[in-house]
Amino acid sequence: MIAFINGTVEALEENAAIIDTGAIGYRVYMSPYGPSALSTGKPAKIFTYLKVAEDAMDLYGFLSIEELSMFRRIISVSGAGPKAGLAILSVLRPAEFALAVVTGDFKAITRAQGVGPKLAQKIVLELKDKLENSDFIKTAGDTKDFSPIPQQSDNEAIEALCALGYTQSEAARAVSGAEGATTSEIITSALKILAKNL
């Protein structure tokens with residue numbers, strides 16, 4: 001219903017931001033790092049998800065489409081509500097969460113407050129076959145010192161490594177840590193990473 005909010009940051013709270021759009025001030029719930037990346041009085045564009053319940057209408061916000069997309073996938077799992085989604089994305093960036101899912105590392109997901117082993121295992125089981133190559137690629141918001149490389153090159157590199165016999169999770173993990181501006185350079189760097197791990 002509300003795809004995004006574009007306005008001025010009126011106030012910041014521990015887990016929310018108040019965005020002034022001119023006539024309306026929206027309280028948008030975010031993971032802790034969200035408000036820390038915003039500044040009062042500065043413009044902000046926040047991608048949103050509206051949760052409608054019998055007694056409330058809550059707006060959840062994200063600084064990137066990738067984070068919103070991963071949030072939607074998490075809450076698609078029965079038993080994983082918006083609070084669990086925010087908690088998970090508070091401890092794992094989207095690409096890190098994707099890797100945890102495909103590698104079956106449910107313990108990494110239990111680091112999120114309120115997410116126990118049973119729910120974490122259920123999330124892994126239900127999402128393991130639903131993630132795509134692009135979900136493993138770090139975006140600018142995943143780490144402070146990360147310089148994103150073209151997503152198309154990353155996808156091509158992952159496909160090439162899979163063709164060489166590596167699993168998708170192995171290929172994705174190597175490409176996420178690889179350096180290079182072209183597909184060829186990324187593959188070469190990723191192969192060196194894979195060789196070290198053998």
# chains A, B, ... in the order shown; residues from 1 in each chain; ligands from 1

call {"tool": "residues_around", "arguments": {"residues": "A:Lys42", "least_positions_apart": "4", "cutoff": "9 Å", "atoms": "only C-alpha atoms", "output": "list in words"}}
result
Gly7, Thr8, Val9, Glu10 and Leu38 of chain A

call {"tool": "write_last_selection", "arguments": {"atoms": "N, CA and C atoms", "output": "short mmCIF file (atom, residue, chain, number, x, y, z; two decimals), in the first residue's frame"}}
result
data_model
loop_
_atom_site.label_atom_id
_atom_site.label_comp_id
_atom_site.auth_asym_id
_atom_site.auth_seq_id
_atom_site.Cartn_x
_atom_site.Cartn_y
_atom_site.Cartn_z
N GLY A 7 10.77 12.12 2.81
CA GLY A 7 10.52 13.33 3.59
C GLY A 7 11.72 13.73 4.41
N THR A 8 11.46 14.48 5.46
CA THR A 8 12.53 14.97 6.34
C THR A 8 12.47 14.26 7.68
N VAL A 9 13.62 13.89 8.21
CA VAL A 9 13.67 13.21 9.51
C VAL A 9 13.34 14.22 10.60
N GLU A 10 12.20 14.02 11.24
CA GLU A 10 11.74 14.91 12.30
C GLU A 10 12.37 14.54 13.63
N LEU A 38 20.53 7.76 9.86
CA LEU A 38 19.76 8.96 9.51
C LEU A 38 20.17 10.12 10.40
#

call {"tool": "residues_around", "arguments": {"residues": "stretch 126-130 of chain A", "least_positions_apart": "2", "cutoff": "7 Å", "atoms": "only C-alpha atoms", "output": "PyMOL selection string"}}
result
chain A and resi 77+101-102+122-124+132

call {"tool": "write_last_selection", "arguments": {"atoms": "C-alpha atoms", "output": "PDB file, in the first residue's frame"}}
result
ATOM      1  CA  VAL A  77       7.483 -17.979   7.170  1.00  0.00           C
ATOM      2  CA  VAL A 101      20.001 -19.965   5.125  1.00  0.00           C
ATOM      3  CA  VAL A 102      21.643 -21.854   2.242  1.00  0.00           C
ATOM      4  CA  LYS A 122      11.923 -23.426  10.218  1.00  0.00           C
ATOM      5  CA  ILE A 123      13.115 -20.259   8.458  1.00  0.00           C
ATOM      6  CA  VAL A 124      16.093 -22.136   6.994  1.00  0.00           C
ATOM      7  CA  GLU A 132      18.392 -16.403  -5.752  1.00  0.00           C
TER       8      GLU A 132
END

call {"tool": "residues_around", "arguments": {"residues": "A:Tyr33", "least_positions_apart": "2", "cutoff": "10 Å", "atoms": "only C-alpha atoms", "output": "ChimeraX atom specification"}}
result
/A:14-15,30-31,35-38,62-63,89-91

call {"tool": "write_last_selection", "arguments": {"atoms": "C-alpha atoms", "output": "compact mmCIF listing (two decimals), in the first residue's frame"}}
result
# COMPACT_ATOMS: atom_id res chain seq x y z
CA GLU A 14 15.97 3.75 19.38
CA ASN A 15 14.01 1.57 16.99
CA MET A 30 13.43 0.11 11.83
CA SER A 31 16.29 -2.14 12.87
CA PRO A 35 18.02 5.34 12.74
CA SER A 36 21.80 5.47 13.28
CA ALA A 37 22.24 6.05 9.54
CA LEU A 38 19.76 8.96 9.51
CA PHE A 62 14.32 -0.06 5.37
CA LEU A 63 17.11 1.90 3.73
CA LEU A 89 18.12 -7.99 10.06
CA SER A 90 19.57 -6.26 13.10
CA VAL A 91 22.25 -8.93 13.45

call {"tool": "select_by_dssp", "arguments": {"residues": "stretch 15-183 of chain A", "states": "strand (DSSP E or B)", "output": "PDB file with N, CA and C atoms, in the first residue's frame"}}
result
ATOM      1  N   ALA A  16      13.020   3.460  15.816  1.00  0.00           N
ATOM      2  CA  ALA A  16      12.082   4.079  14.883  1.00  0.00           C
ATOM      3  C   ALA A  16      12.558   5.467  14.463  1.00  0.00           C
ATOM      4  N   ALA A  17      11.991   5.931  13.369  1.00  0.00           N
ATOM      5  CA  ALA A  17      12.266   7.285  12.898  1.00  0.00           C
ATOM      6  C   ALA A  17      10.930   7.958  12.594  1.00  0.00           C
ATOM      7  N   ILE A  18      10.830   9.228  12.905  1.00  0.00           N
ATOM      8  CA  ILE A  18       9.628  10.000  12.579  1.00  0.00           C
ATOM      9  C   ILE A  18       9.953  10.795  11.308  1.00  0.00           C
ATOM     10  N   ILE A  19       9.197  10.524  10.247  1.00  0.00           N
ATOM     11  CA  ILE A  19       9.448  11.177   8.964  1.00  0.00           C
ATOM     12  C   ILE A  19       8.333  12.158   8.645  1.00  0.00           C
ATOM     13  N   ASP A  20       8.703  13.416   8.449  1.00  0.00           N
ATOM     14  CA  ASP A  20       7.751  14.474   8.116  1.00  0.00           C
ATOM     15  C   ASP A  20       7.649  14.575   6.605  1.00  0.00           C
ATOM     16  N   GLY A  25       3.264  13.144   9.741  1.00  0.00           N
ATOM     17  CA  GLY A  25       4.499  12.597  10.306  1.00  0.00           C
ATOM     18  C   GLY A  25       4.309  11.110  10.531  1.00  0.00           C
ATOM     19  N   TYR A  26       5.117  10.300   9.886  1.00  0.00           N
ATOM     20  CA  TYR A  26       5.006   8.852  10.007  1.00  0.00           C
ATOM     21  C   TYR A  26       6.053   8.301  10.973  1.00  0.00           C
ATOM     22  N   ARG A  27       5.614   7.450  11.899  1.00  0.00           N
ATOM     23  CA  ARG A  27       6.561   6.717  12.727  1.00  0.00           C
ATOM     24  C   ARG A  27       6.867   5.420  11.993  1.00  0.00           C
ATOM     25  N   VAL A  28       8.137   5.237  11.659  1.00  0.00           N
ATOM     26  CA  VAL A  28       8.562   4.058  10.910  1.00  0.00           C
ATOM     27  C   VAL A  28       9.490   3.224  11.786  1.00  0.00           C
ATOM     28  N   TYR A  29       9.096   1.995  12.084  1.00  0.00           N
ATOM     29  CA  TYR A  29       9.927   1.104  12.891  1.00  0.00           C
ATOM     30  C   TYR A  29      11.054   0.545  12.029  1.00  0.00           C
ATOM     31  N   PRO A  43      16.935  15.024   4.698  1.00  0.00           N
ATOM     32  CA  PRO A  43      15.978  14.265   3.894  1.00  0.00           C
ATOM     33  C   PRO A  43      16.267  12.771   3.959  1.00  0.00           C
ATOM     34  N   ALA A  44      15.233  11.975   3.792  1.00  0.00           N
ATOM     35  CA  ALA A  44      15.403  10.519   3.822  1.00  0.00           C
ATOM     36  C   ALA A  44      14.343   9.853   2.958  1.00  0.00           C
ATOM     37  N   LYS A  45      14.750   8.797   2.285  1.00  0.00           N
ATOM     38  CA  LYS A  45      13.810   7.972   1.528  1.00  0.00           C
ATOM     39  C   LYS A  45      13.848   6.585   2.143  1.00  0.00           C
ATOM     40  N   ILE A  46      12.717   6.132   2.658  1.00  0.00           N
ATOM     41  CA  ILE A  46      12.648   4.855   3.360  1.00  0.00           C
ATOM     42  C   ILE A  46      11.627   3.946   2.683  1.00  0.00           C
ATOM     43  N   PHE A  47      12.066   2.749   2.316  1.00  0.00           N
ATOM     44  CA  PHE A  47      11.173   1.758   1.711  1.00  0.00           C
ATOM     45  C   PHE A  47      10.397   1.089   2.836  1.00  0.00           C
ATOM     46  N   THR A  48       9.107   0.913   2.632  1.00  0.00           N
ATOM     47  CA  THR A  48       8.263   0.522   3.760  1.00  0.00           C
ATOM     48  C   THR A  48       7.413  -0.730   3.535  1.00  0.00           C
ATOM     49  N   TYR A  49       7.028  -1.316   4.661  1.00  0.00           N
ATOM     50  CA  TYR A  49       6.082  -2.429   4.689  1.00  0.00           C
ATOM     51  C   TYR A  49       5.033  -2.088   5.736  1.00  0.00           C
ATOM     52  N   LEU A  50       3.758  -2.113   5.344  1.00  0.00           N
ATOM     53  CA  LEU A  50       2.665  -1.768   6.252  1.00  0.00           C
ATOM     54  C   LEU A  50       2.032  -3.025   6.808  1.00  0.00           C
ATOM     55  N   LYS A  51       2.059  -3.160   8.135  1.00  0.00           N
ATOM     56  CA  LYS A  51       1.446  -4.294   8.824  1.00  0.00           C
ATOM     57  C   LYS A  51       0.110  -3.847   9.403  1.00  0.00           C
ATOM     58  N   VAL A  52      -0.958  -4.437   8.926  1.00  0.00           N
ATOM     59  CA  VAL A  52      -2.299  -4.067   9.384  1.00  0.00           C
ATOM     60  C   VAL A  52      -2.857  -5.167  10.283  1.00  0.00           C
ATOM     61  N   MET A  57      -1.900  -0.284  13.043  1.00  0.00           N
ATOM     62  CA  MET A  57      -1.323  -0.228  11.694  1.00  0.00           C
ATOM     63  C   MET A  57       0.125   0.238  11.875  1.00  0.00           C
ATOM     64  N   ASP A  58       1.065  -0.678  11.727  1.00  0.00           N
ATOM     65  CA  ASP A  58       2.476  -0.369  11.952  1.00  0.00           C
ATOM     66  C   ASP A  58       3.236  -0.314  10.639  1.00  0.00           C
ATOM     67  N   LEU A  59       4.119   0.656  10.537  1.00  0.00           N
ATOM     68  CA  LEU A  59       4.913   0.848   9.338  1.00  0.00           C
ATOM     69  C   LEU A  59       6.364   0.470   9.646  1.00  0.00           C
ATOM     70  N   TYR A  60       6.919  -0.438   8.850  1.00  0.00           N
ATOM     71  CA  TYR A  60       8.304  -0.875   9.030  1.00  0.00           C
ATOM     72  C   TYR A  60       9.127  -0.347   7.858  1.00  0.00           C
ATOM     73  N   GLY A  61      10.305   0.194   8.169  1.00  0.00           N
ATOM     74  CA  GLY A  61      11.080   0.846   7.125  1.00  0.00           C
ATOM     75  C   GLY A  61      12.489   0.300   6.955  1.00  0.00           C
ATOM     76  N   PHE A  62      13.004   0.457   5.728  1.00  0.00           N
ATOM     77  CA  PHE A  62      14.323  -0.063   5.373  1.00  0.00           C
ATOM     78  C   PHE A  62      15.020   0.917   4.437  1.00  0.00           C
TER      79      PHE A  62
END

call {"tool": "select_by_dssp", "arguments": {"residues": "stretch 26-162 of chain A", "states": "helix (DSSP H, G or I)", "output": "PyMOL selection string"}}
result
chain A and resi 33-36+65-75+82-91+94-102+106-109+117-127+133-136+151-162

call {"tool": "closest_atom_pairs", "arguments": {"of": "stretch 40-132 of chain A", "to": "stretch 170-179 of chain A", "cutoff": "10 Å", "atoms": "only C-alpha atoms", "output": "tab-separated table"}}
result
residue	atom	partner	partner_atom	distance
A:Ala95	CA	A:Ser176	CA	8.5
A:Glu96	CA	A:Arg173	CA	9.3
A:Ala98	CA	A:Ala172	CA	9.7
A:Leu99	CA	A:Arg173	CA	7.2
A:Val102	CA	A:Glu170	CA	9.7
A:Thr103	CA	A:Glu170	CA	8.8

call {"tool": "write_last_selection", "arguments": {"atoms": "N, CA and C atoms", "output": "compact mmCIF listing (two decimals), in the first residue's frame"}}
result
# COMPACT_ATOMS: atom_id res chain seq x y z
N ALA A 95 22.69 -10.19 2.69
CA ALA A 95 23.56 -11.20 2.08
C ALA A 95 24.04 -12.21 3.12
N GLU A 96 24.30 -11.76 4.33
CA GLU A 96 24.74 -12.67 5.40
C GLU A 96 23.61 -13.61 5.79
N ALA A 98 21.17 -14.59 3.81
CA ALA A 98 21.00 -15.53 2.70
C ALA A 98 22.02 -16.66 2.80
N LEU A 99 23.26 -16.32 3.12
CA LEU A 99 24.30 -17.35 3.26
C LEU A 99 24.00 -18.27 4.44
N VAL A 102 21.24 -20.80 3.18
CA VAL A 102 21.64 -21.85 2.24
C VAL A 102 22.68 -22.80 2.83
N THR A 103 23.43 -22.33 3.81
CA THR A 103 24.42 -23.21 4.44
C THR A 103 23.85 -23.92 5.67

call {"tool": "atom_distance", "arguments": {"atom1": "atom CA of A:Gln113", "atom2": "atom CA of A:Ile88"}}
result
7.7 Å

call {"tool": "residues_around", "arguments": {"residues": "A:Arg72", "least_positions_apart": "6", "cutoff": "10 Å", "atoms": "only C-alpha atoms", "output": "PyMOL selection string"}}
result
chain A and resi 49+66+81-82+85

call {"tool": "atom_distance", "arguments": {"atom1": "atom CA of A:Ile109", "atom2": "atom CA of A:Pro32"}}
result
16.5 Å

call {"tool": "closest_residue", "arguments": {"among": "A:Ala157, A:Ala80, A:Leu68, A:Leu125", "to": "A:Thr182", "atoms": "only C-alpha atoms"}}
result
A:Ala157

call {"tool": "decode", "arguments": {"residues": "stretch 25-167 of chain A", "atoms": "C-alpha atoms", "output": "PDB file, in the first residue's frame"}}
result
ATOM      1  CA  GLY A  25       4.499  12.597  10.306  1.00  0.00           C
ATOM      2  CA  TYR A  26       5.006   8.852  10.007  1.00  0.00           C
ATOM      3  CA  ARG A  27       6.561   6.717  12.727  1.00  0.00           C
ATOM      4  CA  VAL A  28       8.562   4.058  10.910  1.00  0.00           C
ATOM      5  CA  TYR A  29       9.927   1.104  12.891  1.00  0.00           C
ATOM      6  CA  MET A  30      13.434   0.106  11.829  1.00  0.00           C
ATOM      7  CA  SER A  31      16.292  -2.142  12.874  1.00  0.00           C
ATOM      8  CA  PRO A  32      18.748  -0.325  15.203  1.00  0.00           C
ATOM      9  CA  TYR A  33      21.230   0.557  12.474  1.00  0.00           C
ATOM     10  CA  GLY A  34      18.480   2.291  10.462  1.00  0.00           C
ATOM     11  CA  PRO A  35      18.022   5.340  12.736  1.00  0.00           C
ATOM     12  CA  SER A  36      21.802   5.467  13.277  1.00  0.00           C
ATOM     13  CA  ALA A  37      22.242   6.049   9.541  1.00  0.00           C
ATOM     14  CA  LEU A  38      19.761   8.957   9.515  1.00  0.00           C
ATOM     15  CA  SER A  39      20.133  12.524  10.752  1.00  0.00           C
ATOM     16  CA  THR A  40      17.470  14.803  12.236  1.00  0.00           C
ATOM     17  CA  GLY A  41      16.509  17.574   9.828  1.00  0.00           C
ATOM     18  CA  LYS A  42      17.956  15.742   6.821  1.00  0.00           C
ATOM     19  CA  PRO A  43      15.978  14.265   3.894  1.00  0.00           C
ATOM     20  CA  ALA A  44      15.403  10.519   3.822  1.00  0.00           C
ATOM     21  CA  LYS A  45      13.810   7.972   1.528  1.00  0.00           C
ATOM     22  CA  ILE A  46      12.648   4.855   3.360  1.00  0.00           C
ATOM     23  CA  PHE A  47      11.173   1.758   1.711  1.00  0.00           C
ATOM     24  CA  THR A  48       8.263   0.522   3.760  1.00  0.00           C
ATOM     25  CA  TYR A  49       6.082  -2.429   4.689  1.00  0.00           C
ATOM     26  CA  LEU A  50       2.665  -1.768   6.252  1.00  0.00           C
ATOM     27  CA  LYS A  51       1.446  -4.294   8.824  1.00  0.00           C
ATOM     28  CA  VAL A  52      -2.299  -4.067   9.384  1.00  0.00           C
ATOM     29  CA  ALA A  53      -3.790  -5.736  12.459  1.00  0.00           C
ATOM     30  CA  GLU A  54      -7.145  -5.444  14.229  1.00  0.00           C
ATOM     31  CA  ASP A  55      -5.858  -2.936  16.748  1.00  0.00           C
ATOM     32  CA  ALA A  56      -2.911  -1.302  14.963  1.00  0.00           C
ATOM     33  CA  MET A  57      -1.323  -0.228  11.694  1.00  0.00           C
ATOM     34  CA  ASP A  58       2.476  -0.369  11.952  1.00  0.00           C
ATOM     35  CA  LEU A  59       4.913   0.848   9.338  1.00  0.00           C
ATOM     36  CA  TYR A  60       8.304  -0.875   9.030  1.00  0.00           C
ATOM     37  CA  GLY A  61      11.080   0.846   7.125  1.00  0.00           C
ATOM     38  CA  PHE A  62      14.323  -0.063   5.373  1.00  0.00           C
ATOM     39  CA  LEU A  63      17.113   1.897   3.730  1.00  0.00           C
ATOM     40  CA  SER A  64      17.360  -0.442   0.731  1.00  0.00           C
ATOM     41  CA  ILE A  65      15.102  -2.499  -1.505  1.00  0.00           C
ATOM     42  CA  GLU A  66      17.271  -5.553  -0.758  1.00  0.00           C
ATOM     43  CA  GLU A  67      16.616  -5.292   2.957  1.00  0.00           C
ATOM     44  CA  LEU A  68      12.869  -4.837   2.438  1.00  0.00           C
ATOM     45  CA  SER A  69      12.803  -7.837   0.087  1.00  0.00           C
ATOM     46  CA  MET A  70      14.582 -10.041   2.623  1.00  0.00           C
ATOM     47  CA  PHE A  71      12.265  -8.811   5.390  1.00  0.00           C
ATOM     48  CA  ARG A  72       9.257  -9.865   3.284  1.00  0.00           C
ATOM     49  CA  ARG A  73      10.756 -13.314   2.802  1.00  0.00           C
ATOM     50  CA  ILE A  74      11.403 -13.752   6.503  1.00  0.00           C
ATOM     51  CA  ILE A  75       7.874 -12.816   7.541  1.00  0.00           C
ATOM     52  CA  SER A  76       6.441 -15.131   4.860  1.00  0.00           C
ATOM     53  CA  VAL A  77       7.483 -17.979   7.170  1.00  0.00           C
ATOM     54  CA  SER A  78       4.697 -18.939   9.550  1.00  0.00           C
ATOM     55  CA  GLY A  79       5.595 -17.833  13.064  1.00  0.00           C
ATOM     56  CA  ALA A  80       8.056 -15.178  11.931  1.00  0.00           C
ATOM     57  CA  GLY A  81       6.393 -11.803  12.377  1.00  0.00           C
ATOM     58  CA  PRO A  82       7.685  -8.283  11.688  1.00  0.00           C
ATOM     59  CA  LYS A  83       9.455  -8.092  15.064  1.00  0.00           C
ATOM     60  CA  ALA A  84      11.381 -11.267  14.280  1.00  0.00           C
ATOM     61  CA  GLY A  85      12.172  -9.935  10.808  1.00  0.00           C
ATOM     62  CA  LEU A  86      13.621  -6.723  12.211  1.00  0.00           C
ATOM     63  CA  ALA A  87      15.522  -8.625  14.897  1.00  0.00           C
ATOM     64  CA  ILE A  88      17.168 -10.891  12.313  1.00  0.00           C
ATOM     65  CA  LEU A  89      18.118  -7.991  10.056  1.00  0.00           C
ATOM     66  CA  SER A  90      19.565  -6.255  13.100  1.00  0.00           C
ATOM     67  CA  VAL A  91      22.248  -8.932  13.446  1.00  0.00           C
ATOM     68  CA  LEU A  92      22.595 -10.102   9.841  1.00  0.00           C
ATOM     69  CA  ARG A  93      22.776  -8.048   6.653  1.00  0.00           C
ATOM     70  CA  PRO A  94      20.621  -9.439   3.788  1.00  0.00           C
ATOM     71  CA  ALA A  95      23.561 -11.204   2.083  1.00  0.00           C
ATOM     72  CA  GLU A  96      24.739 -12.665   5.396  1.00  0.00           C
ATOM     73  CA  PHE A  97      21.237 -13.922   6.159  1.00  0.00           C
ATOM     74  CA  ALA A  98      21.002 -15.525   2.696  1.00  0.00           C
ATOM     75  CA  LEU A  99      24.296 -17.349   3.258  1.00  0.00           C
ATOM     76  CA  ALA A 100      23.149 -18.516   6.689  1.00  0.00           C
ATOM     77  CA  VAL A 101      20.001 -19.965   5.125  1.00  0.00           C
ATOM     78  CA  VAL A 102      21.643 -21.854   2.242  1.00  0.00           C
ATOM     79  CA  THR A 103      24.423 -23.207   4.442  1.00  0.00           C
ATOM     80  CA  GLY A 104      21.933 -24.272   7.127  1.00  0.00           C
ATOM     81  CA  ASP A 105      23.584 -22.066   9.736  1.00  0.00           C
ATOM     82  CA  PHE A 106      20.459 -21.600  11.843  1.00  0.00           C
ATOM     83  CA  LYS A 107      22.610 -20.761  14.895  1.00  0.00           C
ATOM     84  CA  ALA A 108      23.587 -17.476  13.230  1.00  0.00           C
ATOM     85  CA  ILE A 109      19.897 -16.621  12.969  1.00  0.00           C
ATOM     86  CA  THR A 110      19.294 -17.393  16.663  1.00  0.00           C
ATOM     87  CA  ARG A 111      21.561 -14.453  17.517  1.00  0.00           C
ATOM     88  CA  ALA A 112      18.486 -12.327  16.777  1.00  0.00           C
ATOM     89  CA  GLN A 113      16.576 -11.382  19.929  1.00  0.00           C
ATOM     90  CA  GLY A 114      13.439 -13.473  20.350  1.00  0.00           C
ATOM     91  CA  VAL A 115      14.335 -15.976  17.625  1.00  0.00           C
ATOM     92  CA  GLY A 116      14.792 -19.455  19.070  1.00  0.00           C
ATOM     93  CA  PRO A 117      16.293 -22.591  17.464  1.00  0.00           C
ATOM     94  CA  LYS A 118      12.918 -23.988  16.319  1.00  0.00           C
ATOM     95  CA  LEU A 119      11.933 -20.822  14.471  1.00  0.00           C
ATOM     96  CA  ALA A 120      15.427 -20.412  13.022  1.00  0.00           C
ATOM     97  CA  GLN A 121      15.375 -23.986  11.685  1.00  0.00           C
ATOM     98  CA  LYS A 122      11.923 -23.426  10.218  1.00  0.00           C
ATOM     99  CA  ILE A 123      13.115 -20.259   8.458  1.00  0.00           C
ATOM    100  CA  VAL A 124      16.093 -22.136   6.994  1.00  0.00           C
ATOM    101  CA  LEU A 125      13.939 -25.038   5.784  1.00  0.00           C
ATOM    102  CA  GLU A 126      11.266 -22.854   4.167  1.00  0.00           C
ATOM    103  CA  LEU A 127      13.577 -20.325   2.507  1.00  0.00           C
ATOM    104  CA  LYS A 128      16.502 -22.536   1.464  1.00  0.00           C
ATOM    105  CA  ASP A 129      15.147 -23.174  -2.040  1.00  0.00           C
ATOM    106  CA  LYS A 130      13.610 -19.723  -2.515  1.00  0.00           C
ATOM    107  CA  LEU A 131      16.751 -17.579  -2.531  1.00  0.00           C
ATOM    108  CA  GLU A 132      18.392 -16.403  -5.752  1.00  0.00           C
ATOM    109  CA  ASN A 133      21.991 -15.628  -6.696  1.00  0.00           C
ATOM    110  CA  SER A 134      21.395 -11.902  -6.225  1.00  0.00           C
ATOM    111  CA  ASP A 135      20.483 -12.497  -2.571  1.00  0.00           C
ATOM    112  CA  PHE A 136      24.086 -13.449  -1.838  1.00  0.00           C
ATOM    113  CA  ILE A 137      25.572 -10.254  -3.224  1.00  0.00           C
ATOM    114  CA  LYS A 138      26.544  -7.597  -0.718  1.00  0.00           C
ATOM    115  CA  THR A 139      25.132  -4.135  -1.294  1.00  0.00           C
ATOM    116  CA  ALA A 140      26.546  -0.802  -0.184  1.00  0.00           C
ATOM    117  CA  GLY A 141      24.600  -1.054   3.057  1.00  0.00           C
ATOM    118  CA  ASP A 142      25.949  -4.484   3.992  1.00  0.00           C
ATOM    119  CA  THR A 143      29.325  -3.251   5.252  1.00  0.00           C
ATOM    120  CA  LYS A 144      30.730   0.211   5.778  1.00  0.00           C
ATOM    121  CA  ASP A 145      33.898  -0.377   3.758  1.00  0.00           C
ATOM    122  CA  PHE A 146      32.400  -2.432   0.938  1.00  0.00           C
ATOM    123  CA  SER A 147      32.594  -1.145  -2.626  1.00  0.00           C
ATOM    124  CA  PRO A 148      29.809  -2.783  -4.638  1.00  0.00           C
ATOM    125  CA  ILE A 149      30.614  -4.342  -7.993  1.00  0.00           C
ATOM    126  CA  PRO A 150      28.071  -4.796 -10.805  1.00  0.00           C
ATOM    127  CA  GLN A 151      25.472  -7.353  -9.828  1.00  0.00           C
ATOM    128  CA  GLN A 152      25.405  -8.828 -13.340  1.00  0.00           C
ATOM    129  CA  SER A 153      29.115  -9.661 -13.079  1.00  0.00           C
ATOM    130  CA  ASP A 154      28.532 -11.292  -9.698  1.00  0.00           C
ATOM    131  CA  ASN A 155      25.690 -13.434 -11.035  1.00  0.00           C
ATOM    132  CA  GLU A 156      27.720 -14.506 -14.059  1.00  0.00           C
ATOM    133  CA  ALA A 157      30.660 -15.389 -11.807  1.00  0.00           C
ATOM    134  CA  ILE A 158      28.446 -17.507  -9.542  1.00  0.00           C
ATOM    135  CA  GLU A 159      26.992 -19.339 -12.553  1.00  0.00           C
ATOM    136  CA  ALA A 160      30.482 -19.969 -13.935  1.00  0.00           C
ATOM    137  CA  LEU A 161      31.730 -21.388 -10.628  1.00  0.00           C
ATOM    138  CA  CYS A 162      28.657 -23.629 -10.389  1.00  0.00           C
ATOM    139  CA  ALA A 163      29.459 -24.892 -13.897  1.00  0.00           C
ATOM    140  CA  LEU A 164      32.933 -25.813 -12.596  1.00  0.00           C
ATOM    141  CA  GLY A 165      31.349 -28.053  -9.975  1.00  0.00           C
ATOM    142  CA  TYR A 166      31.074 -25.802  -6.933  1.00  0.00           C
ATOM    143  CA  THR A 167      27.773 -25.596  -5.079  1.00  0.00           C
TER     144      THR A 167
END
